Amino acid sequence: MRSLQCWAIKGELSLEDVAKPTVCRSDDVLIKVGYAGLCGTDLHIMSGEFAVVGDRKVTISHEFSGTVEQLGSEAEKKFKVGDRVGVDPNRPCHTCQFCVRGQVHFCQDGGCRDATGIFRDGGLAEFCCVPAEQVFLLPASVSLQSGALCEPLSCILHGWERLMAKSPVQPDSRILVTGAGIIGNLWVTMFHYHGFRDVTVSEPADGRRQITEKLETGFKMVHPGELAAQEEGRDAEQFGFDFIIECSGFPPALEQAMAWTKRGATVMIFGCAPPGKYVKICPEEIFRKELTILGSLINPCTYSRAVRLAANLGERYLAYDKMGVKVFSIEEYQEAIEQLKKGQIAKAVFDMC
């Protein structure tokens, strides 16, 4: 079968013919892949920026949906052939110090350190075999296309729950989202879906700002330079942003945004920045403004609820043309990656049907 293979430690990507995976264990689920996506994290992996990656070639893509093709004896108790499913790429070990505390996203032996599509073969192939605990049924109203967005949605849901638990957003909150890739667009969707309207989106790429406008939220879409001019001279402590969601993974964007925080503001660092890149912060400013800074890592126990969230959001928010998702064939992977890097699209998804 055709497979897009990534050798992360060498920064190599190649389209190859590989053997079709087989059901070997009782909990195995063999999935005929429908749609598989590439995201900003994958670009970091392919460029060799992440130190914690697999030491062998694997089929890339940790965001995919498909149809059950074959099942192990135990998996048959939960699924049947023909079921439409989404896949959570992270499988914790359940026994380390973090897992037993319920912090499965910090697992040192499983989780994102053993993720499907990064350490184990993922979705950019005709078939993928994963343990049943990583597989989730899609509701009838969720298409396979939307199913490929359930993994990033599950990450958003974790960030949303952290935000609302630590610093609940208020009706009069002034909100800034930096970066309008797929993650920024999903945050825009969450804010609009939950009724918030005073939201500004900062994005340098004209094409991506135009994509976000297709979501028809009425939010302000601005170039970072335009935003800087707008905020210059404003008393940020009184009239700055109450919430900043950093989705670009670009450290200078975070550094600049910190200066625009209001007293009592919350900054969520959500975008995946390259390791070893730093920003300058002023501890006195954090103290004086009582700033809250939150991180958000992957999707601990949120995938099943993200599937329901996808059903609730529906095509109003998740339609590919609104989200800036473009569909490619696997043979077009180089063009897809190029368009993704240039910001011409928010996300590349591959039709594997």
# chains A, B, ... in the order shown; residues from 1 in each chain; ligands from 1
$ closest_atom_pairs --of "stretch 51-165 of chain A" --to "stretch 296-316 of chain A" --cutoff "8 Å" --atoms "only C-alpha atoms" --output "tab-separated table"
residue	atom	partner	partner_atom	distance
A:Asp88	CA	A:Tyr303	CA	6.4
A:Gln103	CA	A:Pro300	CA	7.2
A:Val104	CA	A:Pro300	CA	5.9
A:His105	CA	A:Pro300	CA	5.3
A:Cys112	CA	A:Ile298	CA	7.8
A:Phe136	CA	A:Ser304	CA	6.6
A:Leu138	CA	A:Val307	CA	6.5
A:Pro139	CA	A:Ala311	CA	7.0
A:Ser141	CA	A:Ala311	CA	6.0
A:Val142	CA	A:Ala311	CA	5.6
A:Ser146	CA	A:Ala310	CA	7.1
A:Gly147	CA	A:Val307	CA	7.5
A:Cys150	CA	A:Ala306	CA	5.9
A:Glu151	CA	A:Tyr303	CA	6.7
A:Leu153	CA	A:Ala306	CA	5.8
A:Ser154	CA	A:Ala306	CA	4.9
A:Cys155	CA	A:Asn299	CA	4.5
A:Ile156	CA	A:Asn299	CA	7.8
A:Leu157	CA	A:Thr302	CA	6.6
A:His158	CA	A:Asn299	CA	5.6
A:Gly159	CA	A:Ser296	CA	5.3
A:Arg162	CA	A:Ser296	CA	7.6
$ select_by_dssp --residues "stretch 228-333 of chain A" --states "strand (DSSP E or B)" --output "MDAnalysis selection string"
chainID A and resid 241:246 261:269 292:295 325:328
$ residues_around --residues "A:Lys220" --least-positions-apart "3" --cutoff "12 Å" --atoms "only C-alpha atoms" --output "list in words"
Arg174, Ile175, Leu176, Val177, Thr178, Ala180, Val188, Arg197, Asp198, Val199, Thr200, Val201, Ser202, Glu203, Arg209, Gln210, Thr212, Glu213, Leu215, Glu216, Thr217, His223, Pro224, Glu226 and Leu227 of chain A
$ atom_distance --atom1 "atom CA of A:Asp42" --atom2 "atom CA of A:Glu161"
24.6 Å
$ closest_residue --among "A:Glu332, A:Glu49, A:Asp121, A:Glu76" --to "A:Cys6" --atoms "only C-alpha atoms"
A:Asp121
$ residues_around --residues "A:Gln145" --least-positions-apart "4" --cutoff "8 Å" --atoms "only C-alpha atoms" --output "list of chain:residue names"
A:Gly34, A:Tyr35, A:Ser65, A:Leu149
$ residues_around --residues "A:Lys347" --least-positions-apart "5" --cutoff "9 Å" --atoms "only C-alpha atoms" --output "JSON, numbers by chain"
{"A": [37, 38, 39, 40, 181, 182, 323, 324, 325, 326, 327, 336, 339, 340]}
$ write_last_selection --atoms "N, CA and C atoms" --output "CSV table (one decimal), in the first residue's frame"
chain,number,residue,atom,x,y,z
A,37,GLY,N,-4.9,14.2,8.1
A,37,GLY,CA,-4.4,15.6,8.0
A,37,GLY,C,-3.0,15.7,8.4
A,38,LEU,N,-2.4,16.9,8.0
A,38,LEU,CA,-1.1,17.3,8.4
A,38,LEU,C,-1.3,18.7,9.1
A,39,CYS,N,-0.5,18.9,10.2
A,39,CYS,CA,-0.7,20.1,10.9
A,39,CYS,C,0.7,20.8,11.1
A,40,GLY,N,0.7,21.9,11.9
A,40,GLY,CA,1.9,22.6,12.2
A,40,GLY,C,2.9,21.7,12.9
A,181,GLY,N,-3.9,29.8,11.8
A,181,GLY,CA,-3.9,28.5,11.1
A,181,GLY,C,-5.1,27.7,11.6
A,182,ILE,N,-5.1,26.4,11.4
A,182,ILE,CA,-6.2,25.6,11.8
A,182,ILE,C,-6.5,25.7,13.3
A,323,MET,N,-13.1,26.5,7.1
A,323,MET,CA,-11.9,26.3,7.9
A,323,MET,C,-10.6,26.5,7.2
A,324,GLY,N,-10.6,26.6,5.9
A,324,GLY,CA,-9.4,26.8,5.1
A,324,GLY,C,-8.6,25.5,4.9
A,325,VAL,N,-9.4,24.3,5.0
A,325,VAL,CA,-8.8,23.0,4.8
A,325,VAL,C,-8.9,22.7,3.3
A,326,LYS,N,-7.8,22.3,2.7
A,326,LYS,CA,-7.8,21.9,1.3
A,326,LYS,C,-7.4,20.4,1.3
A,327,VAL,N,-8.2,19.7,0.4
A,327,VAL,CA,-8.0,18.2,0.2
A,327,VAL,C,-7.1,17.9,-0.9
A,336,ALA,N,1.0,20.1,-1.1
A,336,ALA,CA,0.3,20.4,0.1
A,336,ALA,C,1.1,21.0,1.2
A,339,GLN,N,2.0,24.7,0.3
A,339,GLN,CA,0.9,25.6,0.5
A,339,GLN,C,0.7,25.8,2.0
A,340,LEU,N,0.9,24.8,2.8
A,340,LEU,CA,0.8,24.9,4.2
A,340,LEU,C,1.8,25.9,4.8
$ residues_around --residues "A:Phe50" --least-positions-apart "4" --cutoff "7 Å" --atoms "only C-alpha atoms" --output "MDAnalysis selection string"
chainID A and resid 44:45 275
